[in-house]
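Below: protein-v3.txt (compact mmCIF, C-alpha atoms and all ligand atoms)
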```txt
# COMPACT_ATOMS: atom_id res chain seq x y z
CA LYS A 666 -0.63 22.62 -1.92
CA LYS A 667 -3.17 19.83 -1.90
CA ARG A 668 -2.56 17.03 0.55
CA MET A 669 -2.26 13.29 0.09
CA VAL A 670 -2.06 10.48 2.60
CA SER A 671 -0.93 6.94 1.91
CA ALA A 672 0.71 3.99 3.63
CA ILE A 673 2.04 0.49 3.35
CA THR A 674 1.17 -2.12 5.98
CA PRO A 675 4.18 -4.05 7.34
CA SER A 676 2.33 -7.36 7.13
CA GLY A 677 5.26 -8.46 4.99
CA THR A 678 8.02 -6.64 3.17
CA MET A 679 7.58 -4.42 0.12
CA THR A 680 6.61 -6.18 -3.10
CA LEU A 681 7.17 -5.13 -6.67
CA GLY A 682 3.38 -4.58 -6.76
CA ASN A 683 3.58 -2.10 -3.87
CA TYR A 684 6.40 -0.28 -5.61
CA LEU A 685 4.96 -0.11 -9.11
CA GLY A 686 1.38 0.46 -7.92
CA ALA A 687 2.02 2.85 -5.05
CA VAL A 688 5.49 4.02 -4.00
CA LYS A 689 6.63 4.92 -7.52
CA HIS A 690 3.65 7.28 -7.75
CA PHE A 691 4.39 8.81 -4.35
CA ILE A 692 7.80 9.83 -5.69
CA ASP A 693 6.19 11.50 -8.69
CA PHE A 694 3.63 13.25 -6.47
CA GLN A 695 5.97 14.70 -3.89
CA ASP A 696 6.71 17.97 -5.68
CA GLU A 697 3.12 18.75 -6.51
CA TYR A 698 1.44 17.62 -3.29
CA GLU A 699 2.10 17.72 0.40
CA MET A 700 2.50 14.01 1.12
CA PHE A 701 1.99 12.15 4.39
CA ILE A 702 3.32 8.64 4.07
CA PHE A 703 3.56 6.18 6.90
CA VAL A 704 4.35 2.62 7.87
CA ALA A 705 0.96 1.27 8.94
CA ASN A 706 2.02 -0.90 11.87
CA LEU A 707 -1.31 -0.53 13.68
CA HIS A 708 -2.98 -2.00 10.62
CA ALA A 709 -0.48 -4.86 10.51
CA ILE A 710 -1.56 -6.16 13.91
CA THR A 711 -5.13 -6.67 12.71
CA ILE A 712 -3.79 -10.12 11.84
CA PRO A 713 -1.43 -12.04 14.16
CA GLN A 714 2.22 -10.92 13.78
CA GLU A 715 5.45 -12.23 15.24
CA LYS A 716 7.20 -9.43 17.10
CA GLU A 717 10.66 -9.72 15.52
CA LYS A 718 9.27 -10.20 12.05
CA LEU A 719 7.00 -7.18 12.39
CA ARG A 720 9.91 -5.03 13.47
CA LYS A 721 12.01 -6.21 10.54
CA ASN A 722 9.18 -5.57 8.07
CA MET A 723 8.67 -2.08 9.48
CA LYS A 724 12.34 -1.25 9.20
CA GLU A 725 12.57 -2.61 5.67
CA ILE A 726 9.52 -0.74 4.43
CA ALA A 727 10.63 2.53 6.04
CA THR A 728 14.14 2.19 4.65
CA LEU A 729 12.78 1.26 1.23
CA TYR A 730 10.60 4.37 1.18
CA PHE A 731 13.76 6.46 1.32
CA ALA A 732 15.78 4.14 -0.92
CA CYS A 733 13.04 4.36 -3.57
CA GLY A 734 13.35 8.15 -3.56
CA LEU A 735 10.94 9.60 -1.02
CA ASP A 736 12.56 12.77 0.25
CA PRO A 737 12.23 13.44 4.01
CA HIS A 738 12.57 17.17 3.31
CA LYS A 739 9.65 17.19 0.91
CA SER A 740 7.29 14.63 2.41
CA THR A 741 6.26 13.73 5.95
CA ILE A 742 7.24 10.12 6.50
CA PHE A 743 6.61 8.36 9.80
CA VAL A 744 5.55 5.26 11.70
CA GLN A 745 1.82 5.16 12.43
CA SER A 746 2.06 4.24 16.12
CA ASP A 747 4.38 7.21 16.74
CA VAL A 748 1.37 9.44 16.14
CA MET A 749 -1.12 8.47 18.81
CA ALA A 750 -3.94 10.52 17.32
CA HIS A 751 -4.46 7.79 14.70
CA ALA A 752 -5.65 5.33 17.33
CA GLN A 753 -7.55 8.01 19.22
CA LEU A 754 -9.50 9.30 16.24
CA GLY A 755 -9.91 5.70 15.08
CA TRP A 756 -11.75 4.96 18.32
CA ILE A 757 -14.01 7.97 17.92
CA LEU A 758 -14.83 6.92 14.36
CA ASN A 759 -15.64 3.42 15.59
CA THR A 760 -18.42 4.94 17.62
CA GLN A 761 -19.76 6.81 14.58
CA SER A 762 -19.87 3.86 12.17
CA THR A 763 -22.21 0.89 12.14
CA ILE A 764 -21.72 -2.86 12.14
CA GLY A 765 -23.81 -2.94 8.98
CA GLU A 766 -21.56 -0.70 6.92
CA LEU A 767 -18.35 -2.29 8.18
CA SER A 768 -19.74 -5.74 7.30
CA ARG A 769 -20.07 -4.64 3.70
CA MET A 770 -16.32 -4.04 3.24
CA SER A 771 -15.06 -6.63 0.76
CA GLN A 772 -11.51 -6.56 2.20
CA PHE A 773 -12.97 -7.70 5.52
CA LYS A 774 -14.93 -10.44 3.80
CA ASP A 775 -11.79 -11.67 2.00
CA LYS A 776 -9.40 -11.36 4.91
CA SER A 777 -11.76 -12.83 7.50
CA LYS A 778 -12.40 -15.78 5.21
CA LYS A 779 -8.66 -16.30 4.97
CA ALA A 780 -8.29 -15.91 8.75
CA GLU A 781 -11.04 -18.43 9.24
CA THR A 782 -9.30 -21.08 7.16
CA THR A 783 -5.64 -20.45 7.98
CA GLY A 784 -6.15 -19.06 11.48
CA LYS A 785 -8.58 -21.73 12.64
CA GLY A 786 -11.50 -19.35 13.06
CA TYR A 787 -9.48 -16.67 14.84
CA ILE A 788 -10.76 -13.34 13.50
CA PRO A 789 -9.47 -10.32 15.45
CA ALA A 790 -12.05 -7.57 16.02
CA GLY A 791 -9.44 -5.15 14.64
CA LEU A 792 -9.77 -6.77 11.25
CA PHE A 793 -13.39 -5.68 11.29
CA THR A 794 -12.76 -2.11 12.46
CA TYR A 795 -9.65 -1.60 10.29
CA PRO A 796 -11.54 0.78 7.92
CA THR A 797 -12.31 3.23 10.74
CA LEU A 798 -8.62 3.41 11.59
CA MET A 799 -7.90 3.98 7.92
CA ALA A 800 -10.51 6.74 7.92
CA ALA A 801 -8.69 8.34 10.86
CA ASP A 802 -5.36 8.06 8.99
CA ILE A 803 -6.84 10.13 6.19
CA LEU A 804 -9.06 12.61 8.05
CA LEU A 805 -6.41 13.68 10.58
CA TYR A 806 -4.45 15.40 7.81
CA ASP A 807 -7.33 16.96 5.85
CA ALA A 808 -6.18 14.91 2.89
CA ASN A 809 -7.70 16.00 -0.40
CA PHE A 810 -6.64 12.85 -2.21
CA VAL A 811 -5.85 9.30 -1.24
CA PRO A 812 -3.80 7.50 -3.88
CA VAL A 813 -4.92 3.88 -3.63
CA GLY A 814 -5.26 0.79 -5.71
CA VAL A 815 -8.72 -0.34 -6.76
CA ASP A 816 -8.63 -2.74 -3.76
CA GLN A 817 -8.89 0.18 -1.33
CA LYS A 818 -11.53 2.33 -3.03
CA GLN A 819 -14.39 1.11 -0.84
CA HIS A 820 -12.50 2.17 2.30
CA VAL A 821 -12.05 5.70 0.97
CA GLU A 822 -15.77 5.84 0.25
CA LEU A 823 -16.48 4.83 3.84
CA THR A 824 -14.09 7.56 4.98
CA ARG A 825 -16.08 10.12 3.01
CA ASP A 826 -19.36 8.86 4.50
CA LEU A 827 -18.01 9.08 8.05
CA ALA A 828 -16.58 12.56 7.48
CA GLU A 829 -19.85 13.83 6.03
CA ARG A 830 -21.84 12.24 8.84
CA ILE A 831 -19.77 13.98 11.52
CA ASN A 832 -19.64 17.29 9.65
CA ASN A 833 -23.45 17.28 9.44
CA LYS A 834 -24.17 16.03 12.93
CA TYR A 835 -21.64 18.17 14.85
CA SER A 836 -19.67 20.79 12.94
CA ASP A 837 -17.53 21.10 9.86
CA VAL A 838 -14.32 19.51 11.11
CA PHE A 839 -13.29 17.26 8.24
CA THR A 840 -12.14 17.75 4.66
CA ILE A 841 -13.87 15.23 2.38
CA PRO A 842 -11.15 13.18 0.63
CA GLU A 843 -11.29 11.78 -2.86
CA PRO A 844 -9.82 8.48 -3.96
CA LEU A 845 -7.16 8.89 -6.61
CA ILE A 846 -7.04 5.59 -8.37
CA THR A 847 -3.57 5.27 -9.84
CA GLU A 848 -3.62 6.09 -13.53
CA ASN A 849 -4.10 3.22 -15.91
CA LYS A 850 -5.05 1.14 -12.87
CA ILE A 851 -1.74 -0.63 -12.44
CA LYS A 852 -2.34 -3.91 -10.73
CA ILE A 853 0.46 -6.44 -10.57
CA MET A 854 -0.83 -9.99 -10.31
CA ASP A 855 0.32 -13.05 -8.37
CA LEU A 856 2.90 -15.00 -10.40
CA GLN A 857 1.42 -18.39 -9.54
CA ASP A 858 -2.25 -17.38 -9.73
CA PRO A 859 -2.38 -14.40 -12.11
CA THR A 860 -6.10 -13.93 -11.54
CA LYS A 861 -5.42 -12.56 -8.08
CA LYS A 862 -3.46 -9.52 -6.93
CA MET A 863 0.20 -9.87 -5.89
CA SER A 864 0.08 -9.38 -2.09
CA LYS A 865 2.93 -9.16 0.37
CA SER A 866 0.98 -11.27 2.86
CA SER A 867 0.73 -14.16 0.36
CA ASP A 868 1.70 -17.54 1.81
CA ASN A 869 3.46 -18.54 -1.39
CA PRO A 870 6.87 -16.81 -1.61
CA LYS A 871 7.30 -17.93 -5.22
CA ALA A 872 4.21 -15.98 -6.23
CA ILE A 873 5.53 -12.55 -5.30
CA ILE A 874 8.59 -10.47 -6.17
CA LEU A 875 10.05 -8.59 -3.23
CA MET A 876 11.97 -5.35 -3.64
CA LEU A 877 14.87 -6.95 -1.77
CA ASP A 878 14.99 -10.19 -3.79
CA THR A 879 18.39 -11.02 -5.31
CA PRO A 880 18.72 -11.15 -9.12
CA GLU A 881 18.84 -14.96 -8.90
CA MET A 882 15.58 -15.06 -6.95
CA ILE A 883 13.91 -12.70 -9.39
CA LYS A 884 15.04 -14.80 -12.35
CA SER A 885 13.86 -18.04 -10.82
CA LYS A 886 10.47 -16.65 -9.73
CA ILE A 887 9.79 -15.13 -13.14
CA LYS A 888 10.96 -18.30 -14.86
CA ALA A 889 8.46 -20.30 -12.78
CA ALA A 890 5.62 -17.83 -13.37
CA LEU A 891 2.42 -19.44 -14.62
CA THR A 892 1.68 -18.70 -18.28
CA ASP A 893 -0.28 -20.88 -20.75
CA SER A 894 0.46 -23.36 -23.51
CA GLU A 895 -0.54 -21.18 -26.47
CA GLY A 896 2.94 -19.84 -27.10
CA ILE A 897 1.70 -16.50 -28.42
CA ILE A 898 2.75 -13.27 -26.73
CA LYS A 899 -0.22 -10.91 -26.63
CA TYR A 900 -2.07 -8.85 -24.06
CA ASP A 901 -5.34 -10.52 -23.06
CA ILE A 902 -6.13 -10.37 -19.35
CA VAL A 903 -9.10 -12.73 -19.55
CA ASN A 904 -7.59 -15.55 -21.55
CA LYS A 905 -3.89 -14.97 -20.91
CA PRO A 906 -3.58 -13.48 -17.40
CA GLY A 907 -0.05 -14.80 -16.82
CA VAL A 908 1.46 -13.52 -20.07
CA SER A 909 -0.44 -10.24 -19.70
CA ASN A 910 0.94 -9.76 -16.20
CA LEU A 911 4.51 -10.22 -17.47
CA LEU A 912 3.84 -7.74 -20.25
CA THR A 913 2.47 -5.26 -17.70
CA ILE A 914 5.53 -5.62 -15.49
CA TYR A 915 7.90 -5.37 -18.46
CA SER A 916 6.22 -2.28 -19.87
CA ILE A 917 6.17 -0.38 -16.57
CA CYS A 918 9.77 -1.26 -15.75
CA LYS A 919 10.85 -0.19 -19.25
CA ASN A 920 8.57 2.85 -19.15
CA ILE A 921 6.91 1.96 -22.45
CA THR A 922 3.30 1.18 -23.42
CA ILE A 923 1.85 -2.34 -23.48
CA LYS A 924 1.62 -2.00 -27.26
CA GLU A 925 5.34 -1.27 -27.51
CA ALA A 926 6.05 -4.16 -25.17
CA VAL A 927 4.06 -6.58 -27.34
CA LYS A 928 5.92 -5.28 -30.39
CA ASN A 929 9.25 -5.96 -28.68
CA PHE A 930 8.29 -9.62 -28.32
CA GLU A 931 7.20 -10.19 -31.93
CA ASN A 932 8.68 -13.50 -33.11
CA LYS A 933 9.97 -14.25 -29.63
CA ASN A 934 8.93 -16.99 -27.21
CA TYR A 935 7.87 -17.20 -23.56
CA GLY A 936 11.48 -17.87 -22.56
CA ASP A 937 12.48 -14.52 -24.06
CA LEU A 938 9.53 -12.79 -22.39
CA LYS A 939 10.56 -14.19 -19.03
CA ASN A 940 14.26 -13.44 -19.43
CA GLU A 941 13.71 -9.87 -20.55
CA THR A 942 11.08 -9.24 -17.90
CA ALA A 943 13.39 -10.53 -15.18
CA GLU A 944 16.19 -8.30 -16.51
CA ALA A 945 13.87 -5.30 -16.61
CA ILE A 946 12.90 -5.86 -12.96
CA ILE A 947 16.52 -6.30 -11.88
CA GLU A 948 17.38 -3.01 -13.60
CA ILE A 949 14.71 -1.25 -11.52
CA VAL A 950 15.44 -2.85 -8.15
CA SER A 951 19.28 -2.89 -8.24
CA PRO A 952 19.86 0.83 -7.65
CA ILE A 953 17.15 0.82 -4.96
CA GLN A 954 18.85 -2.10 -3.22
CA GLU A 955 22.19 -0.27 -3.35
CA LYS A 956 20.69 2.72 -1.56
CA PHE A 957 18.86 0.42 0.84
CA LYS A 958 22.15 -1.20 1.91
CA LYS A 959 23.72 2.18 2.62
CA LEU A 960 20.74 3.39 4.64
CA TYR A 961 19.77 0.27 6.55
CA ASN A 962 22.44 0.49 9.21
CA SER A 963 22.80 4.24 9.34
CA SER A 964 20.96 6.38 11.87
CA ASP A 965 19.45 8.52 9.11
CA VAL A 966 16.27 6.52 8.75
CA GLU A 967 15.43 6.76 12.44
CA ASP A 968 16.16 10.50 12.46
CA TRP A 969 13.97 11.10 9.43
CA LEU A 970 11.14 9.04 10.91
CA ASN A 971 11.36 10.95 14.19
CA ASN A 972 11.22 14.28 12.38
CA GLY A 973 8.31 12.99 10.34
CA ALA A 974 6.44 11.91 13.47
CA ASN A 975 7.02 15.31 15.08
CA LYS A 976 5.58 17.10 12.08
CA ALA A 977 2.67 14.67 11.83
CA ASN A 978 1.91 14.94 15.56
CA LEU A 979 1.52 18.71 15.36
CA ILE A 980 -1.07 18.50 12.63
CA ALA A 981 -2.85 15.38 13.89
CA ASN A 982 -3.19 16.53 17.50
CA LYS A 983 -4.68 19.81 16.40
CA LYS A 984 -7.28 18.00 14.34
CA LEU A 985 -8.03 15.51 17.10
CA ASN A 986 -8.61 18.34 19.53
CA LYS A 987 -11.03 19.97 17.12
CA VAL A 988 -12.96 16.74 16.77
CA GLN A 989 -13.06 16.24 20.53
CA ASN A 990 -14.44 19.75 20.88
CA ALA A 991 -17.05 19.13 18.25
CA LEU A 992 -18.28 16.02 20.05
CA GLY A 993 -18.26 17.64 23.48
CA LEU A 994 -15.45 15.48 24.81
CA ASN A 995 -13.32 18.31 26.19
CA PHE A 996 -14.41 19.17 29.72
CA ASN A 997 -14.25 22.94 29.43
CA ARG A 998 -15.01 23.71 25.81
P1 LIG A 1001 -1.53 -7.16 2.18
O1 LIG A 1001 -1.53 -8.49 1.53
O2 LIG A 1001 -1.00 -7.19 3.59
O3 LIG A 1001 -2.83 -6.42 2.09
P2 LIG A 1001 -0.54 -5.58 -0.01
O4 LIG A 1001 0.56 -6.10 -0.86
O5 LIG A 1001 -1.92 -5.60 -0.55
O6 LIG A 1001 -0.44 -6.31 1.39
P3 LIG A 1001 -0.93 -2.94 1.16
O7 LIG A 1001 -0.07 -2.50 2.30
O8 LIG A 1001 -2.32 -3.43 1.46
O9 LIG A 1001 -0.12 -4.09 0.38
O10 LIG A 1001 -1.01 -1.79 0.09
C1 LIG A 1001 -0.04 -0.78 -0.06
C2 LIG A 1001 -0.28 -0.04 -1.37
O11 LIG A 1001 0.13 -0.86 -2.48
C3 LIG A 1001 -1.73 0.32 -1.63
O12 LIG A 1001 -1.77 1.60 -2.23
C4 LIG A 1001 -2.20 -0.74 -2.62
O13 LIG A 1001 -3.27 -0.28 -3.42
C5 LIG A 1001 -0.93 -0.97 -3.44
N1 LIG A 1001 -0.84 -2.34 -3.98
C6 LIG A 1001 -0.84 -3.47 -3.25
N2 LIG A 1001 -0.70 -4.54 -4.04
C7 LIG A 1001 -0.62 -4.09 -5.32
C8 LIG A 1001 -0.48 -4.72 -6.61
N3 LIG A 1001 -0.39 -6.04 -6.72
N4 LIG A 1001 -0.42 -3.93 -7.70
C9 LIG A 1001 -0.51 -2.59 -7.60
N5 LIG A 1001 -0.65 -1.94 -6.42
C10 LIG A 1001 -0.70 -2.65 -5.28
MG MG A 1002 -3.66 -4.96 0.74
```
For this file, produce the structure as structure tokens.
Ligand code: ATP
Ligand code: MG
Amino acid sequence: KKRMVSAITPSGTMTLGNYLGAVKHFIDFQDEYEMFIFVANLHAITIPQEKEKLRKNMKEIATLYFACGLDPHKSTIFVQSDVMAHAQLGWILNTQSTIGELSRMSQFKDKSKKAETTGKGYIPAGLFTYPTLMAADILLYDANFVPVGVDQKQHVELTRDLAERINNKYSDVFTIPEPLITENKIKIMDLQDPTKKMSKSSDNPKAIILMLDTPEMIKSKIKAALTDSEGIIKYDIVNKPGVSNLLTIYSICKNITIKEAVKNFENKNYGDLKNETAEAIIEIVSPIQEKFKKLYNSSDVEDWLNNGANKANLIANKKLNKVQNALGLNFNR
């Protein structure tokens, strides 16, 4: 079986965007691929986090993984910091990458700009070296594919460059991964500014739908979503980003095409679009929330994560040792 690695950063709790753009695909992939899915807590601390909040976000994301349908018997699901090799290989990769190439990462440019304005100029060095840790996440498991949104493609390309560099300079230790951009490039947009991506770390709670939002919250957020004054329901990302985003959400939740979605709203108004979209979301999240409630206070999640970490540690430590050998870091070999 081919391998895949992916993760969600607990810099907030899971959004509808994370689910529709990532987790939903993981569920579909888990029979065909050997999946390694983790809660990326070491990535989360690249921006300042409050301890209790971080812990809560980690627990919610992990529990949601299982509530959404990830099967601990099929996939390896764990918490990143439980597998020390991530940080260890991340350090080694830091020494093999350059300031120049890391400076070109657009995520760093965006996030450091945000940190500069909201964090009063406080830009953690980890924000800059984040891509080398992500490269370690992928290379430790010889992943063939990395299912990511378009926003992460550049990081996978850097991972390939680093792997090739080390393979050529030392010895063939790494599998070269390929980005697997989710089919039809699903990208859920911010409800208040539909020209930008819906992000869990957004400072505007009204702009994002969370997987644990109540039906009332979902209805009110969708009702307040920014549209336009044209009053015509059609799909046009450039001129009608808000309406198009609702159509995207509706069509994925209903498992129909955009064309079919547009047809459904013939002779209907924005109020109908919003009501039906909210209902479609609620239909998707309700059963997940039911399972979440059952799992959240059981010991199952912790057991599954421990088993996942054990499995991941076996594979990751072996790879780390190979890399250390290749670089001459092991005293005897
Ligand atoms: P942050 O704001 O902290 O970066 P995020 O919402 O972008 O949070 P990530 O943890 O960076 O979430 O990404 C987890 C996965 O979800 C990735 O595969 C990413 O491509 C995907 N993803 C994130 N946001 C969206 C979105 N709005 N639409 C579709 N996929 C998304
Ligand atoms: Mg992100």
Residues within 10 Å of Pro906 (chain A), all atoms listed in the file, excluding chain neighbours under 2 positions, as a PDB file with C-alpha atoms, keeping the file's coordinate frame:
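Result file follows (out.pdb):
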```pdb
ATOM      1  CA  MET A 854      -0.830  -9.990 -10.310  1.00  0.00           C
ATOM      2  CA  ASP A 855       0.320 -13.050  -8.370  1.00  0.00           C
ATOM      3  CA  LEU A 856       2.900 -15.000 -10.400  1.00  0.00           C
ATOM      4  CA  ASP A 858      -2.250 -17.380  -9.730  1.00  0.00           C
ATOM      5  CA  PRO A 859      -2.380 -14.400 -12.110  1.00  0.00           C
ATOM      6  CA  THR A 860      -6.100 -13.930 -11.540  1.00  0.00           C
ATOM      7  CA  LYS A 861      -5.420 -12.560  -8.080  1.00  0.00           C
ATOM      8  CA  LEU A 891       2.420 -19.440 -14.620  1.00  0.00           C
ATOM      9  CA  THR A 892       1.680 -18.700 -18.280  1.00  0.00           C
ATOM     10  CA  ASP A 893      -0.280 -20.880 -20.750  1.00  0.00           C
ATOM     11  CA  TYR A 900      -2.070  -8.850 -24.060  1.00  0.00           C
ATOM     12  CA  ASP A 901      -5.340 -10.520 -23.060  1.00  0.00           C
ATOM     13  CA  ILE A 902      -6.130 -10.370 -19.350  1.00  0.00           C
ATOM     14  CA  VAL A 903      -9.100 -12.730 -19.550  1.00  0.00           C
ATOM     15  CA  ASN A 904      -7.590 -15.550 -21.550  1.00  0.00           C
ATOM     16  CA  VAL A 908       1.460 -13.520 -20.070  1.00  0.00           C
ATOM     17  CA  SER A 909      -0.440 -10.240 -19.700  1.00  0.00           C
ATOM     18  CA  ASN A 910       0.940  -9.760 -16.200  1.00  0.00           C
ATOM     19  CA  LEU A 911       4.510 -10.220 -17.470  1.00  0.00           C
ATOM     20  CA  LEU A 912       3.840  -7.740 -20.250  1.00  0.00           C
TER      21      LEU A 912
END
```
Inset, instruction - Would you list the contacts of region 733-740 of chain A as a ChimeraX atom specification, taking every protein, DNA or RNA residue within 9 Å and counting all atoms listed in the file, but skipping same-chain residues closer than 3 positions in sequence? - result: /A:684,688-689,691-692,695-696,698-702,728-730,950,952-954,956-957,969-970,972-973
Output file for the selection above: C-alpha atoms, as a short mmCIF file (atom, residue, chain, number, x, y, z; two decimals), in the frame of the given file:
```cif
data_model
loop_
_atom_site.label_atom_id
_atom_site.label_comp_id
_atom_site.auth_asym_id
_atom_site.auth_seq_id
_atom_site.Cartn_x
_atom_site.Cartn_y
_atom_site.Cartn_z
CA TYR A 684 6.40 -0.28 -5.61
CA VAL A 688 5.49 4.02 -4.00
CA LYS A 689 6.63 4.92 -7.52
CA PHE A 691 4.39 8.81 -4.35
CA ILE A 692 7.80 9.83 -5.69
CA GLN A 695 5.97 14.70 -3.89
CA ASP A 696 6.71 17.97 -5.68
CA TYR A 698 1.44 17.62 -3.29
CA GLU A 699 2.10 17.72 0.40
CA MET A 700 2.50 14.01 1.12
CA PHE A 701 1.99 12.15 4.39
CA ILE A 702 3.32 8.64 4.07
CA THR A 728 14.14 2.19 4.65
CA LEU A 729 12.78 1.26 1.23
CA TYR A 730 10.60 4.37 1.18
CA VAL A 950 15.44 -2.85 -8.15
CA PRO A 952 19.86 0.83 -7.65
CA ILE A 953 17.15 0.82 -4.96
CA GLN A 954 18.85 -2.10 -3.22
CA LYS A 956 20.69 2.72 -1.56
CA PHE A 957 18.86 0.42 0.84
CA TRP A 969 13.97 11.10 9.43
CA LEU A 970 11.14 9.04 10.91
CA ASN A 972 11.22 14.28 12.38
CA GLY A 973 8.31 12.99 10.34
#
```
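Taking atom C9 of ligand LIG 1001 (chain A) and CA of Gly677 (chain A) as the two end points, the separation is 15.0 Å.
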Legend entry - Residue neighbourhood region 916-932 of chain A, 8 Å, all atoms listed in the file, exclusion window fewer than 4 positions, as a ChimeraX atom specification: /A:685,898-900,912,937-938,945-946,949
Inset, instruction - Please write out the residues within 8 Å of ligand LIG 1001 (chain A) as a VMD selection string, counting only C-alpha atoms and all ligand atoms. - result: chain A and resid 671 to 677 679 to 688 705 709 812 to 817 850 to 855 862 to 867
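In this structure, CA of Ala732 (chain A) sits 18.0 Å away from CA of Arg720 (chain A).
The space separating CA of Arg668 (chain A) from CA of Leu823 (chain A) comes to 18.8 Å.
Nearest residue to Ala801 (chain A) among A:Lys976, A:Arg825, A:Lys716, A:Lys785 is A:Arg825, counting only C-alpha atoms.
Each of A:Leu719, A:Ala977, A:Leu960, A:Val670 was compared to Pro844 (chain A) using all atoms listed in the file, and A:Val670 turns out to be the nearest.
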Inset, instruction - Determine, counting all atoms listed in the file, which protein, DNA and RNA residues have an atom within 12 Å of an atom of Ala800 (chain A); residues of the same chain fewer than 4 positions away are not included. Present the result as a ChimeraX atom specification. - result: /A:670-671,708,751-759,761-762,767,794-796,804-808,811,817-829,839-843
Those same residues, written as a PDB file, keeping the file's coordinate frame with C-alpha atoms?
```
ATOM      1  CA  VAL A 670      -2.060  10.480   2.600  1.00  0.00           C
ATOM      2  CA  SER A 671      -0.930   6.940   1.910  1.00  0.00           C
ATOM      3  CA  HIS A 708      -2.980  -2.000  10.620  1.00  0.00           C
ATOM      4  CA  HIS A 751      -4.460   7.790  14.700  1.00  0.00           C
ATOM      5  CA  ALA A 752      -5.650   5.330  17.330  1.00  0.00           C
ATOM      6  CA  GLN A 753      -7.550   8.010  19.220  1.00  0.00           C
ATOM      7  CA  LEU A 754      -9.500   9.300  16.240  1.00  0.00           C
ATOM      8  CA  GLY A 755      -9.910   5.700  15.080  1.00  0.00           C
ATOM      9  CA  TRP A 756     -11.750   4.960  18.320  1.00  0.00           C
ATOM     10  CA  ILE A 757     -14.010   7.970  17.920  1.00  0.00           C
ATOM     11  CA  LEU A 758     -14.830   6.920  14.360  1.00  0.00           C
ATOM     12  CA  ASN A 759     -15.640   3.420  15.590  1.00  0.00           C
ATOM     13  CA  GLN A 761     -19.760   6.810  14.580  1.00  0.00           C
ATOM     14  CA  SER A 762     -19.870   3.860  12.170  1.00  0.00           C
ATOM     15  CA  LEU A 767     -18.350  -2.290   8.180  1.00  0.00           C
ATOM     16  CA  THR A 794     -12.760  -2.110  12.460  1.00  0.00           C
ATOM     17  CA  TYR A 795      -9.650  -1.600  10.290  1.00  0.00           C
ATOM     18  CA  PRO A 796     -11.540   0.780   7.920  1.00  0.00           C
ATOM     19  CA  LEU A 804      -9.060  12.610   8.050  1.00  0.00           C
ATOM     20  CA  LEU A 805      -6.410  13.680  10.580  1.00  0.00           C
ATOM     21  CA  TYR A 806      -4.450  15.400   7.810  1.00  0.00           C
ATOM     22  CA  ASP A 807      -7.330  16.960   5.850  1.00  0.00           C
ATOM     23  CA  ALA A 808      -6.180  14.910   2.890  1.00  0.00           C
ATOM     24  CA  VAL A 811      -5.850   9.300  -1.240  1.00  0.00           C
ATOM     25  CA  GLN A 817      -8.890   0.180  -1.330  1.00  0.00           C
ATOM     26  CA  LYS A 818     -11.530   2.330  -3.030  1.00  0.00           C
ATOM     27  CA  GLN A 819     -14.390   1.110  -0.840  1.00  0.00           C
ATOM     28  CA  HIS A 820     -12.500   2.170   2.300  1.00  0.00           C
ATOM     29  CA  VAL A 821     -12.050   5.700   0.970  1.00  0.00           C
ATOM     30  CA  GLU A 822     -15.770   5.840   0.250  1.00  0.00           C
ATOM     31  CA  LEU A 823     -16.480   4.830   3.840  1.00  0.00           C
ATOM     32  CA  THR A 824     -14.090   7.560   4.980  1.00  0.00           C
ATOM     33  CA  ARG A 825     -16.080  10.120   3.010  1.00  0.00           C
ATOM     34  CA  ASP A 826     -19.360   8.860   4.500  1.00  0.00           C
ATOM     35  CA  LEU A 827     -18.010   9.080   8.050  1.00  0.00           C
ATOM     36  CA  ALA A 828     -16.580  12.560   7.480  1.00  0.00           C
ATOM     37  CA  GLU A 829     -19.850  13.830   6.030  1.00  0.00           C
ATOM     38  CA  PHE A 839     -13.290  17.260   8.240  1.00  0.00           C
ATOM     39  CA  THR A 840     -12.140  17.750   4.660  1.00  0.00           C
ATOM     40  CA  ILE A 841     -13.870  15.230   2.380  1.00  0.00           C
ATOM     41  CA  PRO A 842     -11.150  13.180   0.630  1.00  0.00           C
ATOM     42  CA  GLU A 843     -11.290  11.780  -2.860  1.00  0.00           C
TER      43      GLU A 843
END
```
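Considering the residues A:Ala780, A:Asp775, A:Lys884, A:Glu725 and counting all atoms listed in the file, ligand MG 1002 (chain A) has its shortest atom-to-atom contact with A:Asp775.
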Surrounding residues of Ala943 (chain A) excluding itself and chain neighbours under 4 positions, 7 Å, only C-alpha atoms, as an mmCIF file with C-alpha atoms, in the frame of the given file:
```
data_model
loop_
_atom_site.group_PDB
_atom_site.id
_atom_site.type_symbol
_atom_site.label_atom_id
_atom_site.label_comp_id
_atom_site.auth_asym_id
_atom_site.auth_seq_id
_atom_site.Cartn_x
_atom_site.Cartn_y
_atom_site.Cartn_z
ATOM 1 C CA ILE A 883 13.910 -12.700 -9.390
ATOM 2 C CA LYS A 884 15.040 -14.800 -12.350
ATOM 3 C CA ILE A 887 9.790 -15.130 -13.140
ATOM 4 C CA LYS A 939 10.560 -14.190 -19.030
ATOM 5 C CA ILE A 947 16.520 -6.300 -11.880
#
```
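For the set A:Ser885, A:Lys724, A:Val838, A:Phe773, the residue with the smallest atom-to-atom gap to Ser964 (chain A) is A:Lys724, counting all atoms listed in the file.
Distance check against Ala974 (chain A) using only C-alpha atoms: of A:Glu715, A:Asp693, A:Glu781, A:Asp747, the minimum falls on A:Asp747.
When all atoms listed in the file are used to measure the gap to Ala727 (chain A), the shortest distance among A:Tyr787, A:Tyr961, A:Phe810, A:Phe996 belongs to A:Tyr961.
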